Each structure stands twice: as C-alpha cells, then as structure tokens.
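Novice: This is input.cif, which holds mmCIF, C-alpha atoms:
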data_entry
#
loop_
_atom_site.group_PDB
_atom_site.id
_atom_site.type_symbol
_atom_site.label_atom_id
_atom_site.label_comp_id
_atom_site.auth_asym_id
_atom_site.auth_seq_id
_atom_site.Cartn_x
_atom_site.Cartn_y
_atom_site.Cartn_z
ATOM 1 C CA MET R 70 -127.796 -129.891 -75.056
ATOM 2 C CA ILE R 71 -128.528 -133.296 -76.587
ATOM 3 C CA VAL R 72 -131.996 -133.698 -78.083
ATOM 4 C CA LYS R 73 -133.594 -136.804 -79.566
ATOM 5 C CA GLN R 74 -134.715 -136.513 -83.176
ATOM 6 C CA MET R 75 -138.286 -137.268 -82.120
ATOM 7 C CA ASP R 76 -138.280 -134.451 -79.515
ATOM 8 C CA LEU R 77 -136.792 -132.084 -82.059
ATOM 9 C CA ARG R 78 -139.531 -132.906 -84.534
ATOM 10 C CA SER R 79 -142.267 -132.219 -81.985
ATOM 11 C CA ASN R 80 -140.688 -129.047 -80.564
ATOM 12 C CA ILE R 81 -138.676 -127.673 -83.443
ATOM 13 C CA ARG R 82 -139.517 -124.045 -82.730
ATOM 14 C CA LYS R 83 -138.422 -124.390 -79.106
ATOM 15 C CA TYR R 84 -135.041 -125.884 -80.064
ATOM 16 C CA PHE R 85 -134.490 -123.326 -82.827
ATOM 17 C CA ASP R 86 -135.110 -120.613 -80.210
ATOM 18 C CA ILE R 87 -132.642 -122.273 -77.853
ATOM 19 C CA ALA R 88 -130.043 -122.439 -80.624
ATOM 20 C CA TYR R 89 -130.765 -118.831 -81.537
ATOM 21 C CA GLU R 90 -130.163 -117.827 -77.907
ATOM 22 C CA GLY R 91 -126.651 -119.258 -78.191
ATOM 23 C CA GLU R 92 -126.895 -122.830 -76.907
ATOM 24 C CA THR R 93 -125.650 -125.694 -79.067
ATOM 25 C CA VAL R 94 -128.245 -128.362 -79.827
ATOM 26 C CA ILE R 95 -126.815 -131.784 -80.746
ATOM 27 C CA VAL R 96 -129.136 -134.315 -82.387
ATOM 28 C CA PRO R 97 -127.791 -137.898 -82.267
ATOM 29 C CA ARG R 98 -128.828 -140.010 -85.269
ATOM 30 C CA LYS R 99 -128.292 -143.593 -86.290
ATOM 31 C CA GLN R 100 -124.840 -144.655 -87.406
ATOM 32 C CA ASP R 101 -123.549 -141.524 -85.708
ATOM 33 C CA HIS R 102 -124.880 -139.291 -88.494
ATOM 34 C CA ASN R 103 -125.349 -136.624 -85.847
ATOM 35 C CA VAL R 104 -126.447 -133.059 -86.498
ATOM 36 C CA VAL R 105 -125.592 -129.861 -84.628
ATOM 37 C CA ILE R 106 -127.899 -126.826 -84.582
ATOM 38 C CA ILE R 107 -126.386 -123.451 -83.853
ATOM 39 C CA SER R 108 -127.435 -119.871 -84.514
ATOM 40 C CA GLU R 109 -126.223 -117.986 -87.555
ATOM 41 C CA ASP R 110 -124.242 -115.674 -85.286
ATOM 42 C CA GLU R 111 -122.546 -118.636 -83.644
ATOM 43 C CA TYR R 112 -121.852 -120.187 -87.038
ATOM 44 C CA ASN R 113 -120.220 -116.995 -88.271
ATOM 45 C CA ARG R 114 -118.212 -116.707 -85.076
ATOM 46 C CA LEU R 115 -117.055 -120.301 -85.315
ATOM 47 C CA THR R 116 -116.066 -120.186 -88.940
ATOM 48 C CA GLN R 117 -114.075 -117.090 -88.184
ATOM 49 C CA ALA R 118 -112.499 -118.400 -85.011
ATOM 50 C CA GLY R 119 -111.925 -121.911 -86.321
ATOM 51 C CA ARG R 120 -113.480 -123.455 -83.227
ATOM 52 C CA LEU R 121 -115.356 -126.172 -85.076
ATOM 53 C CA ASN R 122 -112.831 -128.597 -83.624
ATOM 54 C CA ASP R 123 -114.464 -128.102 -80.220
ATOM 55 C CA TYR R 124 -117.699 -129.404 -81.622
ATOM 56 C CA ALA R 125 -115.988 -132.299 -83.340
ATOM 57 C CA GLN R 126 -114.516 -133.172 -79.962
ATOM 58 C CA ALA R 127 -117.926 -132.900 -78.257
ATOM 59 C CA LEU R 128 -119.390 -135.245 -80.829
ATOM 60 C CA SER R 129 -116.515 -137.652 -80.399
ATOM 61 C CA GLU R 130 -117.125 -137.668 -76.627
ATOM 62 C CA LEU R 131 -120.802 -138.348 -77.258
ATOM 63 C CA ARG R 132 -119.900 -141.338 -79.430
ATOM 64 C CA ASP R 133 -117.457 -142.638 -76.814
ATOM 65 C CA ARG R 134 -120.093 -142.290 -74.090
ATOM 66 C CA LYS R 135 -122.577 -144.249 -76.192
ATOM 67 C CA LYS R 136 -120.048 -147.024 -76.828
ATOM 68 C CA ARG R 137 -119.088 -147.116 -73.138
ATOM 69 C CA LEU R 138 -122.740 -147.466 -72.058
ATOM 70 C CA ILE R 139 -123.301 -150.250 -74.582
ATOM 71 C CA ASN R 140 -120.184 -152.098 -73.416
ATOM 72 C CA GLU R 141 -121.075 -151.751 -69.718
ATOM 73 C CA ARG R 142 -124.566 -153.098 -70.332
ATOM 74 C CA GLY R 143 -123.117 -155.790 -72.567
ATOM 75 C CA SER R 144 -120.569 -157.277 -70.185
ATOM 76 C CA SER R 145 -123.022 -157.931 -67.340
ATOM 77 C CA LEU R 146 -125.787 -159.108 -69.677
ATOM 78 C CA ARG R 147 -123.386 -161.383 -71.569
ATOM 79 C CA SER R 148 -122.594 -163.315 -68.424
ATOM 80 C CA HIS R 149 -126.285 -163.318 -67.378
ATOM 81 C CA ASN R 150 -127.189 -164.710 -70.811
ATOM 82 C CA ALA R 151 -124.529 -167.428 -70.594
ATOM 83 C CA ASP R 152 -126.032 -168.514 -67.243
ATOM 84 C CA LYS R 153 -129.523 -168.511 -68.734
ATOM 85 C CA LEU R 154 -128.436 -170.609 -71.699
ATOM 86 C CA SER R 155 -126.935 -173.173 -69.317
ATOM 87 C CA ALA R 156 -130.257 -173.318 -67.455
ATOM 88 C CA ILE R 157 -132.215 -173.678 -70.715
ATOM 89 C CA ARG R 158 -129.873 -176.461 -71.863
ATOM 90 C CA SER R 159 -130.861 -178.435 -68.756
ATOM 91 C CA PHE R 160 -134.621 -178.228 -69.426
ATOM 92 C CA GLY R 161 -136.037 -181.677 -70.135
ATOM 93 C CA ALA R 162 -139.090 -182.454 -72.272
ATOM 94 C CA ASN R 163 -142.334 -181.032 -70.849
ATOM 95 C CA TRP R 164 -140.445 -178.284 -69.000
ATOM 96 C CA ASN R 165 -143.497 -176.014 -69.268
ATOM 97 C CA GLY R 166 -145.938 -178.630 -67.969
ATOM 98 C CA ASN R 167 -147.697 -178.659 -71.338
ATOM 99 C CA GLY R 168 -145.555 -180.857 -73.534
ATOM 100 C CA ALA R 169 -142.843 -178.428 -74.654
ATOM 101 C CA PRO R 170 -139.842 -180.170 -76.237
ATOM 102 C CA ALA R 171 -136.368 -180.120 -74.734
ATOM 103 C CA PHE R 172 -133.911 -177.756 -76.438
ATOM 104 C CA SER R 173 -131.461 -179.174 -78.932
ATOM 105 C CA ALA R 174 -127.834 -178.926 -77.882
ATOM 106 C CA LYS R 175 -127.027 -177.638 -81.370
ATOM 107 C CA LEU R 176 -129.436 -174.701 -80.967
ATOM 108 C CA ILE R 177 -128.070 -173.814 -77.533
ATOM 109 C CA ASP R 178 -124.505 -173.968 -78.881
ATOM 110 C CA SER R 179 -125.308 -171.778 -81.874
ATOM 111 C CA VAL R 180 -127.145 -169.210 -79.722
ATOM 112 C CA GLY R 181 -124.156 -169.235 -77.355
ATOM 113 C CA THR R 182 -121.856 -168.447 -80.273
ATOM 114 C CA LEU R 183 -124.216 -165.728 -81.509
ATOM 115 C CA ILE R 184 -124.450 -164.090 -78.091
ATOM 116 C CA ALA R 185 -120.672 -163.946 -77.864
ATOM 117 C CA GLU R 186 -120.516 -162.089 -81.184
ATOM 118 C CA LEU R 187 -123.352 -159.608 -80.661
ATOM 119 C CA ASP R 188 -122.287 -156.001 -80.119
ATOM 120 C CA ILE R 189 -125.381 -155.198 -78.061
ATOM 121 C CA GLN R 190 -126.597 -157.938 -75.754
ATOM 122 C CA PRO R 191 -130.263 -158.931 -75.875
ATOM 123 C CA GLU R 192 -132.290 -160.501 -73.116
ATOM 124 C CA ILE R 193 -132.844 -164.153 -73.998
ATOM 125 C CA PHE R 194 -135.847 -166.381 -73.323
ATOM 126 C CA PRO R 195 -136.875 -169.946 -74.158
ATOM 127 C CA THR R 196 -140.169 -170.633 -75.910
ATOM 128 C CA ALA R 197 -142.433 -173.665 -75.762
ATOM 129 C CA MET R 198 -141.741 -174.227 -79.480
ATOM 130 C CA GLY R 199 -138.114 -175.126 -78.719
ATOM 131 C CA THR R 200 -136.813 -171.789 -80.027
ATOM 132 C CA ILE R 201 -134.830 -169.034 -78.311
ATOM 133 C CA GLN R 202 -136.142 -165.479 -78.340
ATOM 134 C CA LEU R 203 -133.761 -162.514 -78.216
ATOM 135 C CA GLU R 204 -135.428 -159.322 -76.999
ATOM 136 C CA TYR R 205 -134.396 -155.698 -77.278
ATOM 137 C CA ASP R 206 -136.138 -152.592 -75.895
ATOM 138 C CA ASN R 207 -134.915 -149.110 -76.717
ATOM 139 C CA SER R 208 -135.407 -145.760 -75.024
ATOM 140 C CA ARG R 209 -138.224 -144.845 -77.428
ATOM 141 C CA HIS R 210 -140.180 -147.834 -75.993
ATOM 142 C CA ASP R 211 -139.896 -149.774 -79.248
ATOM 143 C CA HIS R 212 -139.637 -153.544 -78.729
ATOM 144 C CA MET R 213 -137.896 -156.060 -80.988
ATOM 145 C CA GLU R 214 -137.878 -159.854 -80.842
ATOM 146 C CA ILE R 215 -135.587 -162.099 -82.863
ATOM 147 C CA GLU R 216 -136.516 -165.778 -82.763
ATOM 148 C CA ILE R 217 -133.789 -168.332 -83.399
ATOM 149 C CA ALA R 218 -134.909 -171.816 -84.370
ATOM 150 C CA ASP R 219 -132.928 -175.037 -84.589
ATOM 151 C CA GLU R 220 -131.413 -175.758 -88.021
ATOM 152 C CA SER R 221 -132.965 -172.632 -89.546
ATOM 153 C CA PRO R 222 -130.698 -170.316 -91.553
ATOM 154 C CA GLU R 223 -133.117 -167.451 -90.915
ATOM 155 C CA ALA R 224 -134.311 -165.691 -87.788
ATOM 156 C CA GLU R 225 -137.804 -164.231 -87.505
ATOM 157 C CA VAL R 226 -137.894 -160.588 -86.486
ATOM 158 C CA PHE R 227 -140.904 -158.882 -84.922
ATOM 159 C CA THR R 228 -140.870 -155.218 -83.989
ATOM 160 C CA VAL R 229 -143.515 -153.159 -82.208
ATOM 161 C CA LYS R 230 -142.851 -149.440 -82.273
ATOM 162 C CA PHE R 231 -143.881 -147.091 -79.460
ATOM 163 C CA ASN R 232 -146.864 -145.978 -81.575
ATOM 164 C CA GLY R 233 -148.114 -149.563 -82.001
ATOM 165 C CA GLU R 234 -146.842 -149.954 -85.559
ATOM 166 C CA GLU R 235 -145.739 -153.558 -86.127
ATOM 167 C CA GLU R 236 -143.260 -155.106 -88.520
ATOM 168 C CA TYR R 237 -142.550 -158.773 -89.273
ATOM 169 C CA GLY R 238 -139.603 -160.056 -91.269
ATOM 170 C CA TYR R 239 -136.737 -162.481 -91.607
ATOM 171 C CA ILE R 240 -132.996 -161.952 -91.519
ATOM 172 C CA PRO R 241 -130.087 -164.413 -91.733
ATOM 173 C CA ALA R 242 -129.492 -166.014 -88.331
ATOM 174 C CA SER R 243 -125.952 -164.639 -88.214
ATOM 175 C CA ALA R 244 -124.242 -162.251 -85.808
ATOM 176 C CA ASP R 245 -123.524 -159.782 -88.634
ATOM 177 C CA ALA R 246 -127.166 -159.615 -89.731
ATOM 178 C CA ILE R 247 -128.435 -159.338 -86.147
ATOM 179 C CA ASN R 248 -125.842 -156.687 -85.288
ATOM 180 C CA ASP R 249 -126.982 -154.615 -88.289
ATOM 181 C CA LYS R 250 -130.649 -155.012 -87.353
ATOM 182 C CA VAL R 251 -130.003 -154.097 -83.721
ATOM 183 C CA LEU R 252 -127.901 -151.083 -84.628
ATOM 184 C CA ASP R 253 -130.742 -149.853 -86.802
ATOM 185 C CA PHE R 254 -133.230 -150.533 -83.966
ATOM 186 C CA TYR R 255 -131.248 -148.422 -81.509
ATOM 187 C CA GLY R 256 -130.756 -145.771 -84.189
ATOM 188 C CA MET Z 262 -169.534 -171.260 -64.731
ATOM 189 C CA ASP Z 263 -170.041 -171.615 -68.467
ATOM 190 C CA ASN Z 264 -168.197 -170.635 -71.635
ATOM 191 C CA THR Z 265 -168.970 -166.929 -71.240
ATOM 192 C CA PHE Z 266 -166.413 -164.510 -69.903
ATOM 193 C CA LYS Z 267 -166.954 -160.900 -68.951
ATOM 194 C CA ASN Z 268 -164.256 -158.367 -69.781
ATOM 195 C CA THR Z 269 -163.619 -157.774 -66.093
ATOM 196 C CA GLU Z 270 -162.846 -161.394 -65.201
ATOM 197 C CA LYS Z 271 -159.222 -162.185 -64.407
ATOM 198 C CA LEU Z 272 -157.239 -165.082 -65.860
ATOM 199 C CA TYR Z 273 -154.300 -166.505 -63.925
ATOM 200 C CA ARG Z 274 -151.246 -168.177 -65.408
ATOM 201 C CA VAL Z 275 -148.449 -170.096 -63.724
ATOM 202 C CA VAL Z 276 -145.053 -169.372 -65.246
ATOM 203 C CA TYR Z 277 -142.967 -172.502 -65.574
ATOM 204 C CA PRO Z 278 -140.538 -174.025 -64.939
ATOM 205 C CA SER Z 279 -140.707 -173.611 -61.170
ATOM 206 C CA GLU Z 280 -137.015 -174.454 -60.678
ATOM 207 C CA VAL Z 281 -136.013 -171.368 -62.678
ATOM 208 C CA ALA Z 282 -139.191 -169.316 -62.562
ATOM 209 C CA ASP Z 283 -137.286 -166.096 -63.207
ATOM 210 C CA ILE Z 284 -136.249 -167.351 -66.645
ATOM 211 C CA PHE Z 285 -139.103 -165.306 -68.167
ATOM 212 C CA TRP Z 286 -138.526 -162.205 -66.094
ATOM 213 C CA LYS Z 287 -136.935 -159.239 -67.804
ATOM 214 C CA ILE Z 288 -134.339 -157.001 -66.217
ATOM 215 C CA ASP Z 289 -136.929 -154.238 -65.808
ATOM 216 C CA GLY Z 290 -139.116 -156.571 -63.723
ATOM 217 C CA THR Z 291 -141.734 -157.243 -66.416
ATOM 218 C CA VAL Z 292 -142.485 -160.634 -67.938
ATOM 219 C CA SER Z 293 -141.322 -161.624 -71.422
ATOM 220 C CA SER Z 294 -143.786 -162.278 -74.217
ATOM 221 C CA ALA Z 295 -142.049 -165.667 -74.573
ATOM 222 C CA ALA Z 296 -143.976 -166.791 -71.478
ATOM 223 C CA PHE Z 297 -147.163 -166.489 -73.556
ATOM 224 C CA ALA Z 298 -145.997 -168.757 -76.394
ATOM 225 C CA ASP Z 299 -147.581 -172.200 -76.369
ATOM 226 C CA PRO Z 300 -148.559 -174.072 -79.543
ATOM 227 C CA LYS Z 301 -151.231 -175.926 -77.585
ATOM 228 C CA GLY Z 302 -152.902 -172.759 -76.309
ATOM 229 C CA LEU Z 303 -152.144 -170.870 -73.137
ATOM 230 C CA SER Z 304 -153.464 -172.677 -70.064
ATOM 231 C CA VAL Z 305 -154.906 -170.400 -67.387
ATOM 232 C CA ASP Z 306 -157.256 -170.597 -64.433
ATOM 233 C CA ARG Z 307 -160.254 -168.311 -64.685
ATOM 234 C CA GLY Z 308 -160.740 -166.110 -61.652
ATOM 235 C CA ASP Z 309 -164.525 -166.292 -61.493
ATOM 236 C CA TYR Z 310 -164.273 -163.123 -59.404
ATOM 237 C CA ARG Z 311 -162.447 -164.805 -56.532
ATOM 238 C CA SER Z 312 -159.852 -162.694 -54.712
ATOM 239 C CA ASP Z 313 -156.235 -162.881 -55.918
ATOM 240 C CA GLU Z 314 -155.274 -164.377 -52.546
ATOM 241 C CA GLU Z 315 -157.803 -167.170 -52.867
ATOM 242 C CA VAL Z 316 -156.779 -167.992 -56.445
ATOM 243 C CA ILE Z 317 -153.077 -167.950 -55.570
ATOM 244 C CA SER Z 318 -153.668 -170.185 -52.585
ATOM 245 C CA VAL Z 319 -155.549 -172.763 -54.694
ATOM 246 C CA MET Z 320 -153.036 -172.626 -57.551
ATOM 247 C CA ARG Z 321 -150.125 -172.935 -55.147
ATOM 248 C CA SER Z 322 -151.565 -176.210 -53.874
ATOM 249 C CA ARG Z 323 -151.292 -177.640 -57.389
ATOM 250 C CA PHE Z 324 -148.451 -175.791 -59.106
ATOM 251 C CA MET Z 325 -145.049 -174.365 -58.364
ATOM 252 C CA GLY Z 326 -143.808 -171.306 -60.227
ATOM 253 C CA HIS Z 327 -144.837 -167.681 -60.238
ATOM 254 C CA ILE Z 328 -148.326 -166.448 -60.991
ATOM 255 C CA ILE Z 329 -149.323 -163.655 -63.327
ATOM 256 C CA SER Z 330 -152.753 -162.440 -64.379
ATOM 257 C CA VAL Z 331 -154.440 -160.672 -67.274
ATOM 258 C CA TYR Z 332 -158.016 -159.537 -67.743
ATOM 259 C CA VAL Z 333 -160.342 -161.082 -70.315
ATOM 260 C CA LYS Z 334 -160.560 -157.590 -71.815
ATOM 261 C CA ASN Z 335 -156.799 -157.667 -72.503
ATOM 262 C CA CYS Z 336 -157.371 -160.824 -74.582
ATOM 263 C CA ILE Z 337 -160.390 -159.397 -76.404
ATOM 264 C CA ASP Z 338 -158.481 -156.201 -77.185
ATOM 265 C CA THR Z 339 -155.923 -158.230 -79.121
ATOM 266 C CA ASN Z 340 -158.510 -160.540 -80.761
ATOM 267 C CA ALA Z 341 -157.500 -163.562 -78.698
ATOM 268 C CA ILE Z 342 -160.154 -166.117 -77.710
ATOM 269 C CA VAL Z 343 -160.780 -167.305 -74.160
ATOM 270 C CA LEU Z 344 -162.156 -170.837 -73.850
ATOM 271 C CA TYR Z 345 -163.540 -172.466 -70.715
ATOM 272 C CA LYS Z 346 -162.091 -175.990 -70.552
ATOM 273 C CA PRO Z 347 -162.738 -177.423 -67.105
ATOM 274 C CA SER Z 348 -161.084 -180.715 -66.215
ATOM 275 C CA ARG Z 349 -161.927 -183.238 -63.530
ATOM 276 C CA SER Z 350 -159.117 -181.912 -61.337
ATOM 277 C CA ASN Z 351 -159.575 -178.210 -62.096
ATOM 278 C CA GLN Z 352 -162.985 -176.634 -62.589
ATOM 279 C CA TYR Z 353 -161.356 -173.274 -63.388
ATOM 280 C CA HIS Z 354 -159.113 -174.476 -66.220
ATOM 281 C CA SER Z 355 -159.394 -172.322 -69.347
ATOM 282 C CA GLU Z 356 -157.236 -171.566 -72.382
ATOM 283 C CA ILE Z 357 -156.338 -168.457 -74.328
ATOM 284 C CA HIS Z 358 -156.077 -169.099 -78.077
ATOM 285 C CA GLY Z 359 -154.857 -166.867 -80.881
ATOM 286 C CA SER Z 360 -158.090 -167.302 -82.823
ATOM 287 C CA THR Z 361 -160.907 -169.778 -83.347
ATOM 288 C CA ASP Z 362 -158.717 -171.891 -85.615
ATOM 289 C CA ARG Z 363 -155.243 -171.257 -84.159
ATOM 290 C CA ALA Z 364 -154.285 -172.199 -80.589
ATOM 291 C CA ILE Z 365 -150.965 -170.353 -80.459
ATOM 292 C CA LEU Z 366 -151.025 -166.625 -79.819
ATOM 293 C CA SER Z 367 -149.409 -164.472 -82.491
ATOM 294 C CA LYS Z 368 -146.274 -162.537 -81.612
ATOM 295 C CA SER Z 369 -148.321 -159.358 -81.508
ATOM 296 C CA GLN Z 370 -150.852 -160.907 -79.097
ATOM 297 C CA ARG Z 371 -148.062 -162.219 -76.868
ATOM 298 C CA VAL Z 372 -146.423 -158.816 -76.584
ATOM 299 C CA HIS Z 373 -149.767 -157.182 -75.825
ATOM 300 C CA LEU Z 374 -150.595 -159.655 -73.057
ATOM 301 C CA ALA Z 375 -147.085 -159.472 -71.600
ATOM 302 C CA ARG Z 376 -147.435 -155.694 -71.373
ATOM 303 C CA CYS Z 377 -150.844 -156.007 -69.682
ATOM 304 C CA ALA Z 378 -149.828 -158.794 -67.291
ATOM 305 C CA GLU Z 379 -149.843 -158.196 -63.578
ATOM 306 C CA ILE Z 380 -147.189 -160.084 -61.648
ATOM 307 C CA LEU Z 381 -148.859 -161.405 -58.532
ATOM 308 C CA THR Z 382 -146.041 -163.285 -56.876
ATOM 309 C CA PRO Z 383 -142.858 -161.383 -56.215
ATOM 310 C CA ARG Z 384 -140.119 -161.450 -58.757
ATOM 311 C CA PRO Z 385 -137.384 -163.738 -57.442
ATOM 312 C CA ILE Z 386 -134.129 -162.050 -56.497
ATOM 313 C CA ASN Z 387 -131.275 -163.137 -58.740
#
In structure tokens, how does this file's structure come out?

Specialist:
Amino acid sequence: MIVKQMDLRSNIRKYFDIAYEGETVIVPRKQDHNVVIISEDEYNRLTQAGRLNDYAQALSELRDRKKRLINERGSSLRSHNADKLSAIRSFGANWNGNGAPAFSAKLIDSVGTLIAELDIQPEIFPTAMGTIQLEYDNSRHDHMEIEIADESPEAEVFTVKFNGEEEYGYIPASADAINDKVLDFYG
Amino acid sequence: MDNTFKNTEKLYRVVYPSEVADIFWKIDGTVSSAAFADPKGLSVDRGDYRSDEEVISVMRSRFMGHIISVYVKNCIDTNAIVLYKPSRSNQYHSEIHGSTDRAILSKSQRVHLARCAEILTPRPIN
C-alpha cells in the first residue's frame, strides 16, 4: 500500500493498525527519501529471512513508475509547448485588444531552450506584460507559477498551497534552478 | 447603471486572441491565471442581471474569442476593485483592478479569479 505523507499524518493510527496487521505501508517522500512502515513481527521476520531486498525492489519499481509517468506526461506536453511557443511568437502588438506588446524573439528562444531542458514539463501561457508564465499543479492541489521575463536573469515564483498559503520568491531563470524548484514542488 | 455593484452581479470577459483562443486553456479544461493579467486593468462587461445568453450574444457581435465570467463577490473576496467605465460604444464596459491605486491584479488575485471563473463558451478542441 502506498500512502501520501499528508494522509499518513491525518490517519496515523489507521496506517499503524494496517502495518500491524501485516500489510506494508510505503510512504513516498521528496527526492525519493521514502519510508516503509511494517510491524515489529514483520521486521523481525525480515531481518531473519533476509528479505529486505524484496522491499528494496518494490521501492525501485515505485521510483521507476514515477519516472515513467513524468516522462510520458513530458513528451506530449513538450511538443504541445513547442506549438504554443510558435503561436505566441506570431502574436503582434495589441494581441489582447488592450495594448499588450508583441513578444521578443529573444524571450521566445530562451523559453524554448528552457522547456527543452526541463525534467517536468509545465503548461505555458503568455501574459499581457510580454512575459511567459510556466504553470505547475500537483496532486495535492498546490499551484506554482514561474514567470520568465525578457532579459531578466531571475524568474518570479508564486506558489499557492492547497490550504491557501502563498509564497513569493525569485530564482535564477535557468533550467537547473527551475528543475530543482519543480522537484521540490512535486515532493 | 451606476458605479455600484452587488456581489451577485456577473462580470464577463472575452479571452483573446480569438485566432488562438485556447492559448489560455489548461489541459484540465480550466483557464490560466495568465488570462487575468493586464497592466491596464482587466476589461469586462458587467452583466446587469441579463441572462448569459443575452450577454454572450451582444459580446459576440463585437468580439471574437471565448467568454468567461466571474461574480463581483469573487473580486471582493480577493480585495479586487470593480469599476464601472462605460464607453460610447459599450454601456456595460467595466474594469477589475488590483486595488484603488494599482490597475493590475496581483498574482494571488489572478489565481483566485481563474479558479472561480466559469467558462461560458465551450473549450475549443485541440
């Protein structure tokens, strides 16, 4: 059984009971710092029987599944994003009917390069300020926006968590920095 | 109509550009907060308690693009300001501002309104 950290926190007694009854409870955590909950009996049995390798294999499969899902989502979104960037490149001045500027070719090119290097693909959107907004939504219903502006070495990050908590900040507008931020967001 | 808005009044927004109206649509069928970013303030038509069909019909005669709506209450809830700014060609024209001294909505306000928005014209099929 795979249980989110948040569910575990809210129902810890229930999952301890499940583990006590003999089922293995796996808790995925960010950067694959996963945790496994088993009963004391099961622990003793495993240490005696040397079957911990089975659990290592289960965890490895979990990691592979996660990577596979990310890659599947990424390949279709990557091509969708490339199409969107081409469309945004073609927007002339006043594309929003209210005086928005056209997008600089340099910005579109640099976002194109970024997109190609991102491990997890965002959804991308133009803004009337001539910037490009990258959006991520995770399964906890947290939402993150990263705004890329022309000629700016920094990207503005805005996160709204599922509980309404908000966070503003800046990170370098580089694929490495965004990849780190996104990995942390998906935890 | 005057510069007073009740919480229950609807505000209608055309999402540009009409040629690629789905540019602001997310994969899950909702609209992106980016559609609510405008440094000059967010232009909308006030509903004045007309039916959606009537508003859409009138807006369609003037604008291309898809139409979304939010309630005045959604704006108030996020401390945005709704201003009645009729023009000669559009007696319903209004604007949503971030505050009394800032036309652009904050990122937080944009996300809130995007989450509250009702999409009135069908999402185009990609």

Novice: The PyMOL selection byres ((chain Z) within 6 of (chain R)) on the file shown: which residues, as an MDAnalysis selection string?

Specialist: chainID Z and resid 277:278 295 299

Novice: For the file shown, what are the residues hit by the PyMOL selection byres ((chain R and resi 182) around 12), laid out as a PyMOL selection string?

Specialist: chain R and resi 147+150-151+154+175-181+183-187+242-244

Novice: Suppose we keep C-alpha atoms; can you now write the selection as a short mmCIF file (atom, residue, chain, number, x, y, z; two decimals), in the frame of the given file?

Specialist:
data_model
loop_
_atom_site.label_atom_id
_atom_site.label_comp_id
_atom_site.auth_asym_id
_atom_site.auth_seq_id
_atom_site.Cartn_x
_atom_site.Cartn_y
_atom_site.Cartn_z
CA ARG R 147 -123.39 -161.38 -71.57
CA ASN R 150 -127.19 -164.71 -70.81
CA ALA R 151 -124.53 -167.43 -70.59
CA LEU R 154 -128.44 -170.61 -71.70
CA LYS R 175 -127.03 -177.64 -81.37
CA LEU R 176 -129.44 -174.70 -80.97
CA ILE R 177 -128.07 -173.81 -77.53
CA ASP R 178 -124.50 -173.97 -78.88
CA SER R 179 -125.31 -171.78 -81.87
CA VAL R 180 -127.14 -169.21 -79.72
CA GLY R 181 -124.16 -169.24 -77.36
CA LEU R 183 -124.22 -165.73 -81.51
CA ILE R 184 -124.45 -164.09 -78.09
CA ALA R 185 -120.67 -163.95 -77.86
CA GLU R 186 -120.52 -162.09 -81.18
CA LEU R 187 -123.35 -159.61 -80.66
CA ALA R 242 -129.49 -166.01 -88.33
CA SER R 243 -125.95 -164.64 -88.21
CA ALA R 244 -124.24 -162.25 -85.81
#

Novice: Restricting the calculation to all atoms listed in the file: of Z:Lys368, Z:Leu303, Z:Met262, Z:Ser294, which residue gets closest to Val343 in chain Z?

Specialist: Z:Leu303

Novice: Using Å and a single decimal, report how far CA of Ser293 in chain Z sits from CA of Lys250 in chain R.

Specialist: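 These two atoms are separated by 20.3 Å.
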
Novice: To test your reading of the syntax: which residues would the PyMOL selection byres ((chain Z and resi 364) around 9) return for the file shown? Reply as a ChimeraX atom specification.

Specialist: /Z:299-303,342,356-363,365-366

Novice: How far is it from CA of Phe172 in chain R to CA of Val281 in chain Z, in Å with one decimal?

Specialist: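 Straight-line distance from CA of Phe172 in chain R to CA of Val281 in chain Z works out to 15.3 Å.
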
Novice: I'd like the neighbourhood of Thr382 in chain Z as a PyMOL selection string, where a residue qualifies if any of its atoms comes within 6 Å (using all atoms listed in the file), though same-chain residues fewer than 2 positions away should be ignored.

Specialist: chain Z and resi 327-328+380

Novice: Considering only C-alpha atoms, state which residue in the set Z:Arg376, Z:Phe324, Z:Gly308, Z:Glu315 is at the smallest distance from Lys267 in chain Z.

Specialist: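 Answer, going by the shortest atom-to-atom distance: Z:Gly308.
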
Novice: Work out how far CA of Thr269 in chain Z is from CA of Trp286 in chain Z, in Å to one decimal.

Specialist: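 For CA of Trp286 in chain Z relative to CA of Thr269 in chain Z, the distance reads 25.5 Å.
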
Novice: Got a sec: who's within 9 Å of Asp306 in chain Z, counting all atoms listed in the file, leaving out chain neighbours fewer than 2 positions off, as a list in words?

Specialist: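 Returned residues: Lys271, Leu272, Tyr273, Arg274, Val275, Ser304, Gly308, Asp309, Val316, Met320, Asn351, Gln352, Tyr353, His354, Ser355 and Glu356 of chain Z.
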
Novice: Find the residues around Lys99 in chain R up to 10 Å (only C-alpha atoms counted), leave out those fewer than 2 positions away in its own chain, and share them as a list of chain:residue names.

Specialist: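 Neighbouring residues, sequence-local ones excluded: R:Pro97, R:Asp101, R:His102, R:Asn103, R:Leu252, R:Asp253, R:Phe254, R:Tyr255, R:Gly256.
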
Novice: Can you spit out the residues from that selection as a PDB file, keeping the file's coordinate frame, using C-alpha atoms?

Specialist:
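Result file follows (again-v5.pdb):
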ATOM      1  CA  PRO R  97    -127.791-137.898 -82.267  1.00  0.00           C
ATOM      2  CA  ASP R 101    -123.549-141.524 -85.708  1.00  0.00           C
ATOM      3  CA  HIS R 102    -124.880-139.291 -88.494  1.00  0.00           C
ATOM      4  CA  ASN R 103    -125.349-136.624 -85.847  1.00  0.00           C
ATOM      5  CA  LEU R 252    -127.901-151.083 -84.628  1.00  0.00           C
ATOM      6  CA  ASP R 253    -130.742-149.853 -86.802  1.00  0.00           C
ATOM      7  CA  PHE R 254    -133.230-150.533 -83.966  1.00  0.00           C
ATOM      8  CA  TYR R 255    -131.248-148.422 -81.509  1.00  0.00           C
ATOM      9  CA  GLY R 256    -130.756-145.771 -84.189  1.00  0.00           C
TER      10      GLY R 256
END

Novice: For His210 in chain R, please output as a PyMOL selection string all residues within 10 Å (counting only C-alpha atoms; exclusion window: fewer than 5 positions along the same chain).

Specialist: chain R and resi 205+229-232

Novice: Can range 209-215 of chain R be brought up to N, CA and C atoms and written out as a compact mmCIF listing (two decimals), in the frame of the given file?

Specialist:
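The resulting file, selection.txt, is shown below:
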# COMPACT_ATOMS: atom_id res chain seq x y z
N ARG R 209 -136.97 -145.39 -76.85
CA ARG R 209 -138.22 -144.84 -77.43
C ARG R 209 -139.42 -145.74 -77.10
N HIS R 210 -139.15 -146.84 -76.34
CA HIS R 210 -140.18 -147.83 -75.99
C HIS R 210 -140.58 -148.68 -77.20
N ASP R 211 -139.70 -148.79 -78.19
CA ASP R 211 -139.90 -149.77 -79.25
C ASP R 211 -139.42 -151.12 -78.68
N HIS R 212 -139.99 -152.20 -79.21
CA HIS R 212 -139.64 -153.54 -78.73
C HIS R 212 -139.33 -154.42 -79.95
N MET R 213 -138.24 -155.19 -79.86
CA MET R 213 -137.90 -156.06 -80.99
C MET R 213 -137.59 -157.47 -80.47
N GLU R 214 -138.14 -158.46 -81.17
CA GLU R 214 -137.88 -159.85 -80.84
C GLU R 214 -137.25 -160.54 -82.05
N ILE R 215 -136.21 -161.32 -81.80
CA ILE R 215 -135.59 -162.10 -82.86
C ILE R 215 -135.63 -163.56 -82.42
